[in-house]
$ cat entry_14.cif   # mmCIF, C-alpha atoms
data_work
loop_
_atom_site.label_atom_id
_atom_site.label_comp_id
_atom_site.auth_asym_id
_atom_site.auth_seq_id
_atom_site.Cartn_x
_atom_site.Cartn_y
_atom_site.Cartn_z
CA MET A 30 -38.32 -153.59 132.24
CA ARG A 31 -35.48 -151.09 132.08
CA ARG A 32 -37.70 -148.42 133.57
CA ALA A 33 -38.67 -150.66 136.52
CA GLU A 34 -35.00 -151.47 137.20
CA LEU A 35 -34.09 -147.79 137.31
CA ARG A 36 -37.01 -147.12 139.64
CA HIS A 37 -35.80 -149.94 141.94
CA ARG A 38 -32.31 -148.47 142.01
CA ARG A 39 -33.60 -145.06 142.95
CA ARG A 40 -35.63 -146.50 145.80
CA SER A 41 -32.94 -148.87 147.06
CA PRO A 42 -31.56 -147.79 150.46
CA CYS A 43 -28.07 -148.71 149.29
CA ASN A 44 -28.24 -146.02 146.61
CA GLU A 45 -29.79 -143.36 148.81
CA GLY A 46 -27.37 -140.60 149.84
CA PRO A 47 -27.78 -138.17 152.74
CA PRO A 48 -30.45 -135.52 152.37
CA ASP A 49 -29.39 -132.34 150.60
CA ASP A 50 -29.69 -130.30 153.78
CA MET A 51 -27.62 -132.72 155.92
CA PRO A 52 -24.25 -130.92 155.51
CA ASN A 53 -25.84 -127.60 156.43
CA THR A 54 -27.58 -128.86 159.57
CA VAL A 55 -25.20 -131.46 160.97
CA LYS A 56 -21.69 -130.31 160.15
CA PRO A 57 -21.93 -126.95 161.97
CA ALA A 58 -23.07 -128.74 165.13
CA ILE A 59 -20.12 -131.13 164.86
CA LEU A 60 -17.67 -128.29 164.40
CA VAL A 61 -19.09 -126.25 167.28
CA ALA A 62 -19.05 -129.25 169.64
CA ALA A 63 -15.44 -130.02 168.75
CA HIS A 64 -14.35 -126.43 169.23
CA VAL A 65 -16.11 -126.00 172.57
CA THR A 66 -14.63 -129.19 174.02
CA LYS A 67 -11.17 -128.02 172.93
CA VAL A 68 -11.75 -124.70 174.66
CA ALA A 69 -12.87 -126.56 177.78
CA HIS A 70 -9.67 -128.62 177.77
CA VAL A 71 -7.56 -125.45 177.47
CA LEU A 72 -9.45 -123.83 180.34
CA ALA A 73 -9.02 -126.96 182.49
CA PHE A 74 -5.27 -126.94 181.86
CA THR A 75 -5.14 -123.22 182.71
CA VAL A 76 -6.89 -123.85 186.03
CA PHE A 77 -4.47 -126.68 186.74
CA VAL A 78 -1.46 -124.40 186.17
CA LEU A 79 -2.90 -121.49 188.18
CA VAL A 80 -3.79 -123.60 191.23
CA LEU A 81 -0.42 -125.32 191.16
CA ALA A 82 1.40 -121.98 190.88
CA TRP A 83 -0.64 -120.51 193.74
CA VAL A 84 0.05 -123.44 196.09
CA LEU A 85 3.76 -123.69 195.27
CA HIS A 86 4.59 -119.99 195.12
CA PHE A 87 2.27 -118.36 197.64
CA ARG A 88 1.20 -121.11 200.06
CA GLY A 89 4.41 -122.65 201.29
CA GLY A 90 5.07 -125.43 198.82
CA ALA A 91 3.82 -128.87 197.94
CA ALA A 92 0.70 -130.19 199.64
CA ARG A 93 1.23 -132.89 202.27
CA LEU A 94 -1.59 -134.62 204.05
CA HIS A 95 0.73 -135.90 206.78
CA SER A 96 2.74 -132.88 207.84
CA ASP A 97 3.47 -130.93 211.01
CA ASP A 98 2.75 -127.72 209.09
CA PRO A 99 -1.03 -127.09 208.97
CA ASN A 100 -0.61 -124.90 205.88
CA LEU A 101 0.79 -127.84 203.89
CA ILE A 102 -2.17 -129.94 205.04
CA PHE A 103 -4.53 -127.21 203.86
CA ASN A 104 -2.83 -127.13 200.44
CA VAL A 105 -4.19 -130.61 199.78
CA HIS A 106 -7.73 -129.21 199.85
CA PRO A 107 -7.58 -126.71 196.95
CA LEU A 108 -5.36 -129.02 194.91
CA VAL A 109 -7.64 -132.03 194.94
CA MET A 110 -10.89 -130.03 194.88
CA CYS A 111 -9.97 -127.76 191.95
CA MET A 112 -7.53 -129.86 189.95
CA GLY A 113 -9.18 -133.18 190.73
CA PHE A 114 -12.78 -132.81 191.82
CA ILE A 115 -14.04 -130.02 189.54
CA LEU A 116 -11.90 -130.74 186.48
CA VAL A 117 -12.46 -134.50 186.57
CA ILE A 118 -16.24 -134.07 186.92
CA GLY A 119 -16.22 -131.73 183.92
CA GLU A 120 -14.15 -134.14 181.83
CA GLY A 121 -16.46 -136.97 182.85
CA ILE A 122 -19.49 -135.00 181.71
CA MET A 123 -17.84 -134.32 178.33
CA ALA A 124 -16.77 -137.95 177.86
CA TYR A 125 -19.72 -138.65 175.57
CA LYS A 126 -18.59 -135.83 173.26
CA THR A 127 -14.79 -136.22 173.46
CA ILE A 128 -14.12 -139.99 173.37
CA PRO A 129 -14.36 -141.53 169.88
CA ALA A 130 -15.58 -144.95 170.97
CA GLN A 131 -18.68 -147.08 171.34
CA LYS A 132 -21.36 -145.84 173.70
CA GLU A 133 -20.64 -148.54 176.30
CA THR A 134 -16.98 -147.47 176.40
CA GLN A 135 -17.97 -143.82 176.77
CA LYS A 136 -20.37 -144.79 179.56
CA PHE A 137 -17.64 -146.73 181.38
CA VAL A 138 -15.18 -143.82 181.14
CA HIS A 139 -17.88 -141.42 182.36
CA LEU A 140 -18.67 -143.73 185.30
CA MET A 141 -15.01 -144.15 186.29
CA LEU A 142 -14.18 -140.44 186.04
CA GLN A 143 -17.12 -139.56 188.27
CA LEU A 144 -16.00 -142.22 190.76
CA VAL A 145 -12.46 -140.76 190.76
CA ALA A 146 -13.93 -137.29 191.29
CA LEU A 147 -16.01 -138.57 194.21
CA GLY A 148 -12.92 -140.11 195.81
CA LEU A 149 -10.92 -136.90 195.35
CA GLY A 150 -13.77 -134.88 196.82
CA ILE A 151 -13.84 -137.06 199.93
CA LEU A 152 -10.06 -136.68 200.23
CA GLY A 153 -10.37 -132.90 199.91
CA ILE A 154 -13.00 -132.73 202.65
CA TYR A 155 -10.86 -134.93 204.89
CA ALA A 156 -7.92 -132.56 204.36
CA ALA A 157 -10.09 -129.59 205.35
CA PHE A 158 -11.24 -131.30 208.56
CA LYS A 159 -7.67 -132.30 209.38
CA TYR A 160 -6.49 -128.71 208.85
CA HIS A 161 -9.21 -127.42 211.19
CA SER A 162 -8.25 -130.01 213.78
CA ALA A 163 -4.57 -129.05 213.58
CA ASN A 164 -5.47 -125.39 214.13
CA THR A 165 -8.19 -126.14 216.70
CA MET A 166 -10.78 -124.51 214.46
CA PRO A 167 -14.49 -125.43 214.48
CA ASP A 168 -15.90 -127.29 211.48
CA MET A 169 -18.89 -126.57 209.25
CA LEU A 170 -19.34 -122.89 210.06
CA SER A 171 -19.08 -121.25 206.64
CA LEU A 172 -21.39 -121.33 203.62
CA HIS A 173 -18.47 -122.85 201.71
CA SER A 174 -18.36 -125.87 204.02
CA TRP A 175 -22.12 -126.33 203.88
CA LEU A 176 -22.16 -126.22 200.08
CA GLY A 177 -19.21 -128.59 199.92
CA MET A 178 -20.86 -131.18 202.13
CA CYS A 179 -24.12 -130.96 200.17
CA THR A 180 -22.22 -131.30 196.89
CA ILE A 181 -20.26 -134.40 197.88
CA CYS A 182 -23.41 -136.10 199.21
CA LEU A 183 -25.39 -135.29 196.07
CA LEU A 184 -22.55 -136.50 193.84
CA GLY A 185 -22.46 -139.80 195.74
CA LEU A 186 -26.20 -140.26 195.31
CA GLN A 187 -25.98 -139.29 191.62
CA TRP A 188 -23.21 -141.83 191.02
CA LEU A 189 -25.17 -144.61 192.73
CA PHE A 190 -28.27 -143.67 190.73
CA GLY A 191 -26.38 -143.87 187.44
CA PHE A 192 -24.51 -147.04 188.39
CA VAL A 193 -27.69 -148.93 189.30
CA ASN A 194 -29.96 -147.73 186.51
CA PHE A 195 -27.55 -147.39 183.58
CA TRP A 196 -24.68 -149.81 184.23
CA PHE A 197 -24.97 -152.59 186.83
CA LEU A 198 -28.57 -153.72 187.13
CA LYS A 199 -29.79 -151.60 184.20
CA ALA A 200 -33.39 -150.57 184.30
CA SER A 201 -35.65 -151.46 181.39
CA GLU A 202 -35.15 -149.44 178.23
CA PRO A 203 -38.35 -147.36 178.64
CA THR A 204 -37.34 -146.57 182.22
CA ARG A 205 -33.82 -145.58 181.15
CA ILE A 206 -35.25 -143.31 178.46
CA LEU A 207 -37.46 -141.70 181.10
CA LEU A 208 -34.65 -141.32 183.66
CA LEU A 209 -31.90 -140.11 181.32
CA PRO A 210 -32.98 -136.42 181.13
CA LEU A 211 -33.24 -136.34 184.93
CA HIS A 212 -29.79 -137.90 185.31
CA VAL A 213 -28.20 -135.47 182.84
CA SER A 214 -29.87 -132.40 184.36
CA ALA A 215 -29.05 -133.43 187.92
CA GLY A 216 -25.44 -134.15 186.97
CA LEU A 217 -25.01 -130.73 185.39
CA ALA A 218 -26.65 -129.06 188.40
CA ILE A 219 -24.28 -130.86 190.79
CA PHE A 220 -21.30 -129.85 188.65
CA LEU A 221 -22.38 -126.21 188.76
CA LEU A 222 -22.84 -126.55 192.52
CA THR A 223 -19.19 -127.66 192.79
CA VAL A 224 -18.19 -124.51 190.93
CA CYS A 225 -20.27 -122.34 193.27
CA THR A 226 -18.62 -124.08 196.22
CA ALA A 227 -15.17 -123.38 194.80
CA GLU A 228 -15.99 -119.71 194.22
CA THR A 229 -17.14 -119.28 197.83
CA GLY A 230 -13.91 -120.96 198.91
CA PHE A 231 -11.84 -118.46 196.94
CA VAL A 232 -13.73 -115.63 198.63
CA GLN A 233 -12.62 -116.99 202.02
CA ILE A 234 -8.94 -117.03 201.07
CA ASP A 235 -6.94 -114.37 202.87
CA ALA A 236 -4.82 -113.56 199.83
CA ALA A 237 -2.26 -110.80 200.01
CA PRO A 238 -3.16 -107.78 197.86
CA GLY A 239 -1.26 -107.77 194.61
CA ALA A 240 0.00 -110.79 192.69
CA GLU A 241 -1.59 -113.44 194.93
CA SER A 242 -5.04 -111.86 194.96
CA ARG A 243 -4.95 -111.45 191.18
CA LEU A 244 -3.91 -115.07 190.76
CA VAL A 245 -6.77 -116.25 192.98
CA ASN A 246 -9.25 -114.07 191.09
CA PHE A 247 -8.07 -115.36 187.71
CA THR A 248 -8.33 -118.94 188.96
CA GLY A 249 -11.94 -118.38 190.00
CA LEU A 250 -12.68 -116.73 186.65
CA PHE A 251 -11.21 -119.59 184.62
CA ILE A 252 -13.09 -122.18 186.68
CA LEU A 253 -16.30 -120.32 185.87
CA LEU A 254 -15.42 -120.22 182.16
CA PHE A 255 -14.66 -123.95 182.27
CA ALA A 256 -18.11 -124.57 183.74
CA VAL A 257 -19.69 -122.50 180.97
CA ALA A 258 -17.83 -124.48 178.30
CA VAL A 259 -18.87 -127.82 179.82
CA SER A 260 -22.48 -126.66 180.04
CA ILE A 261 -22.45 -125.67 176.37
CA THR A 262 -21.19 -129.12 175.32
CA VAL A 263 -24.08 -130.67 177.23
CA ALA A 264 -26.56 -128.37 175.50
CA LEU A 265 -25.25 -129.15 172.01
CA PRO A 266 -27.03 -131.95 170.14
CA LYS A 267 -25.26 -135.27 170.00
CA VAL A 268 -24.26 -136.05 166.43
CA SER A 269 -22.87 -139.35 165.16
CA ILE A 270 -20.18 -139.15 162.47
#
$ encode --input "entry_14.cif" --output "structure tokens"
Amino acid sequence: MRRAELRHRRRSPCNEGPPDDMPNTVKPAILVAAHVTKVAHVLAFTVFVLVLAWVLHFRGGAARLHSDDPNLIFNVHPLVMCMGFILVIGEGIMAYKTIPAQKETQKFVHLMLQLVALGLGILGIYAAFKYHSANTMPDMLSLHSWLGMCTICLLGLQWLFGFVNFWFLKASEPTRILLLPLHVSAGLAIFLLTVCTAETGFVQIDAAPGAESRLVNFTGLFILLFAVAVSITVALPKVSI
């Protein structure tokens, strides 16, 4: 009788601890994910500071959408596209790894951040068109403008796809399981496309040789590093703790 009771205790799920190899396989992934997201946050803040310093110090001051100075109108474009569009998309992608909450809360934050990014992207494109109009410049001539228009359209379609299938109407569970890898991969591809668009925009900037050109180059470099960090967090396995 005693032997049977001991056997029952050993087999009881309440008495079962984690496998012996669990600390060795799970904990490193948790630590790496935490460290990479912290690095991404630091890189995002660095980009924020660099873009703000460039606009304020080298480009005539604060951005104003309604101004008689076309340069101040233009300043809206890099501010909202770099500090808002790119950084907010990246933070939205990392929401599932950085927000300690239930999955539905993480999903809602992800959805709202991507919607904010979409709105900022539309505002940035509007500022670019308004700047061209103020300077009587033609629109949609450069590769940068083509990539930007493609990116904002794809982001809008991606947001609608996610909203319909994963939040509002919600497809059936098997369908969601099937669509999730496509949604994640497409989202990361669109994010990287925004980074490519930003880099082509920096190439077009007529920066003065010296401090301004170095600042622009460093900004482009840190945006690229931020994209790498975000991509790594997506690649890391999701671990529940």
$ closest_residue --input "entry_14.cif" --among "A:Asn194, A:Gln233, A:Lys159, A:His212" --to "Asp98 of chain A" --atoms "all atoms listed in the file"
A:Lys159
$ resolve_selection --input "entry_14.cif" --expression "the PyMOL selection byres ((chain A and resi 138-152) around 7)" --output "short mmCIF file (atom, residue, chain, number, x, y, z; two decimals) with C-alpha atoms, in the coordinates of the input"
data_model
loop_
_atom_site.label_atom_id
_atom_site.label_comp_id
_atom_site.auth_asym_id
_atom_site.auth_seq_id
_atom_site.Cartn_x
_atom_site.Cartn_y
_atom_site.Cartn_z
CA VAL A 109 -7.64 -132.03 194.94
CA MET A 110 -10.89 -130.03 194.88
CA GLY A 113 -9.18 -133.18 190.73
CA PHE A 114 -12.78 -132.81 191.82
CA VAL A 117 -12.46 -134.50 186.57
CA ILE A 118 -16.24 -134.07 186.92
CA GLY A 121 -16.46 -136.97 182.85
CA ILE A 122 -19.49 -135.00 181.71
CA ALA A 124 -16.77 -137.95 177.86
CA THR A 134 -16.98 -147.47 176.40
CA GLN A 135 -17.97 -143.82 176.77
CA LYS A 136 -20.37 -144.79 179.56
CA PHE A 137 -17.64 -146.73 181.38
CA GLY A 153 -10.37 -132.90 199.91
CA ILE A 154 -13.00 -132.73 202.65
CA TYR A 155 -10.86 -134.93 204.89
CA ALA A 156 -7.92 -132.56 204.36
CA ILE A 181 -20.26 -134.40 197.88
CA LEU A 184 -22.55 -136.50 193.84
CA GLY A 185 -22.46 -139.80 195.74
#
$ atom_distance --input "entry_14.cif" --atom1 "atom CA of Gly119 of chain A" --atom2 "atom CA of Glu133 of chain A"
19.0 Å
$ resolve_selection --input "entry_14.cif" --expression "the PyMOL selection byres ((chain A and resi 219-224) around 9)" --output "PyMOL selection string"
chain A and resi 110-111+114-115+118-119+122+176-177+179-181+183-184+187+214-218+225-229+249+252-253+256+260
$ write_last_selection --input "entry_14.cif" --atoms "C-alpha atoms" --output "short mmCIF file (atom, residue, chain, number, x, y, z; two decimals), in the coordinates of the input"
data_model
loop_
_atom_site.label_atom_id
_atom_site.label_comp_id
_atom_site.auth_asym_id
_atom_site.auth_seq_id
_atom_site.Cartn_x
_atom_site.Cartn_y
_atom_site.Cartn_z
CA MET A 110 -10.89 -130.03 194.88
CA CYS A 111 -9.97 -127.76 191.95
CA PHE A 114 -12.78 -132.81 191.82
CA ILE A 115 -14.04 -130.02 189.54
CA ILE A 118 -16.24 -134.07 186.92
CA GLY A 119 -16.22 -131.73 183.92
CA ILE A 122 -19.49 -135.00 181.71
CA LEU A 176 -22.16 -126.22 200.08
CA GLY A 177 -19.21 -128.59 199.92
CA CYS A 179 -24.12 -130.96 200.17
CA THR A 180 -22.22 -131.30 196.89
CA ILE A 181 -20.26 -134.40 197.88
CA LEU A 183 -25.39 -135.29 196.07
CA LEU A 184 -22.55 -136.50 193.84
CA GLN A 187 -25.98 -139.29 191.62
CA SER A 214 -29.87 -132.40 184.36
CA ALA A 215 -29.05 -133.43 187.92
CA GLY A 216 -25.44 -134.15 186.97
CA LEU A 217 -25.01 -130.73 185.39
CA ALA A 218 -26.65 -129.06 188.40
CA CYS A 225 -20.27 -122.34 193.27
CA THR A 226 -18.62 -124.08 196.22
CA ALA A 227 -15.17 -123.38 194.80
CA GLU A 228 -15.99 -119.71 194.22
CA THR A 229 -17.14 -119.28 197.83
CA GLY A 249 -11.94 -118.38 190.00
CA ILE A 252 -13.09 -122.18 186.68
CA LEU A 253 -16.30 -120.32 185.87
CA ALA A 256 -18.11 -124.57 183.74
CA SER A 260 -22.48 -126.66 180.04
#
$ atom_distance --input "entry_14.cif" --atom1 "atom CA of Tyr160 of chain A" --atom2 "atom CA of Ile102 of chain A"
5.9 Å
$ closest_atom_pairs --input "entry_14.cif" --of "segment 86-190 of chain A" --to "segment 61-77 of chain A" --cutoff "8 Å" --atoms "all atoms listed in the file" --output "CSV"
residue,atom,partner,partner_atom,distance
A:Cys111,CA,A:Phe77,CA,7.7
A:Met112,CA,A:Phe77,CA,5.5
A:Leu116,CA,A:Ala73,CA,6.2
A:Met123,CA,A:Thr66,CA,7.4
A:Lys126,CA,A:Ala62,CA,7.5
A:Thr127,CA,A:Thr66,CA,7.1
$ atom_distance --input "entry_14.cif" --atom1 "atom CA of Leu170 of chain A" --atom2 "atom CA of Phe158 of chain A"
11.8 Å
$ closest_residue --input "entry_14.cif" --among "A:Ile206, A:Leu198, A:Val259, A:Ala163" --to "Asn100 of chain A" --atoms "only C-alpha atoms"
A:Ala163
$ resolve_selection --input "entry_14.cif" --expression "the PyMOL selection byres ((chain A and resi 82-95) around 8)" --output "number ranges by chain"
A: 78-81, 96-97, 100-105, 108, 156, 241, 244-245
$ closest_residue --input "entry_14.cif" --among "A:Phe251, A:Tyr125, A:Phe190, A:Trp196" --to "Leu208 of chain A" --atoms "all atoms listed in the file"
A:Phe190
$ axis_aligned_box --input "entry_14.cif" --around "segment 85-101 of chain A" --padding-each-side "3 Å" --output "JSON"
{"center_x": 1.7, "center_y": -127.1, "center_z": 203.1, "size_x": 12.7, "size_y": 23.5, "size_z": 21.9}
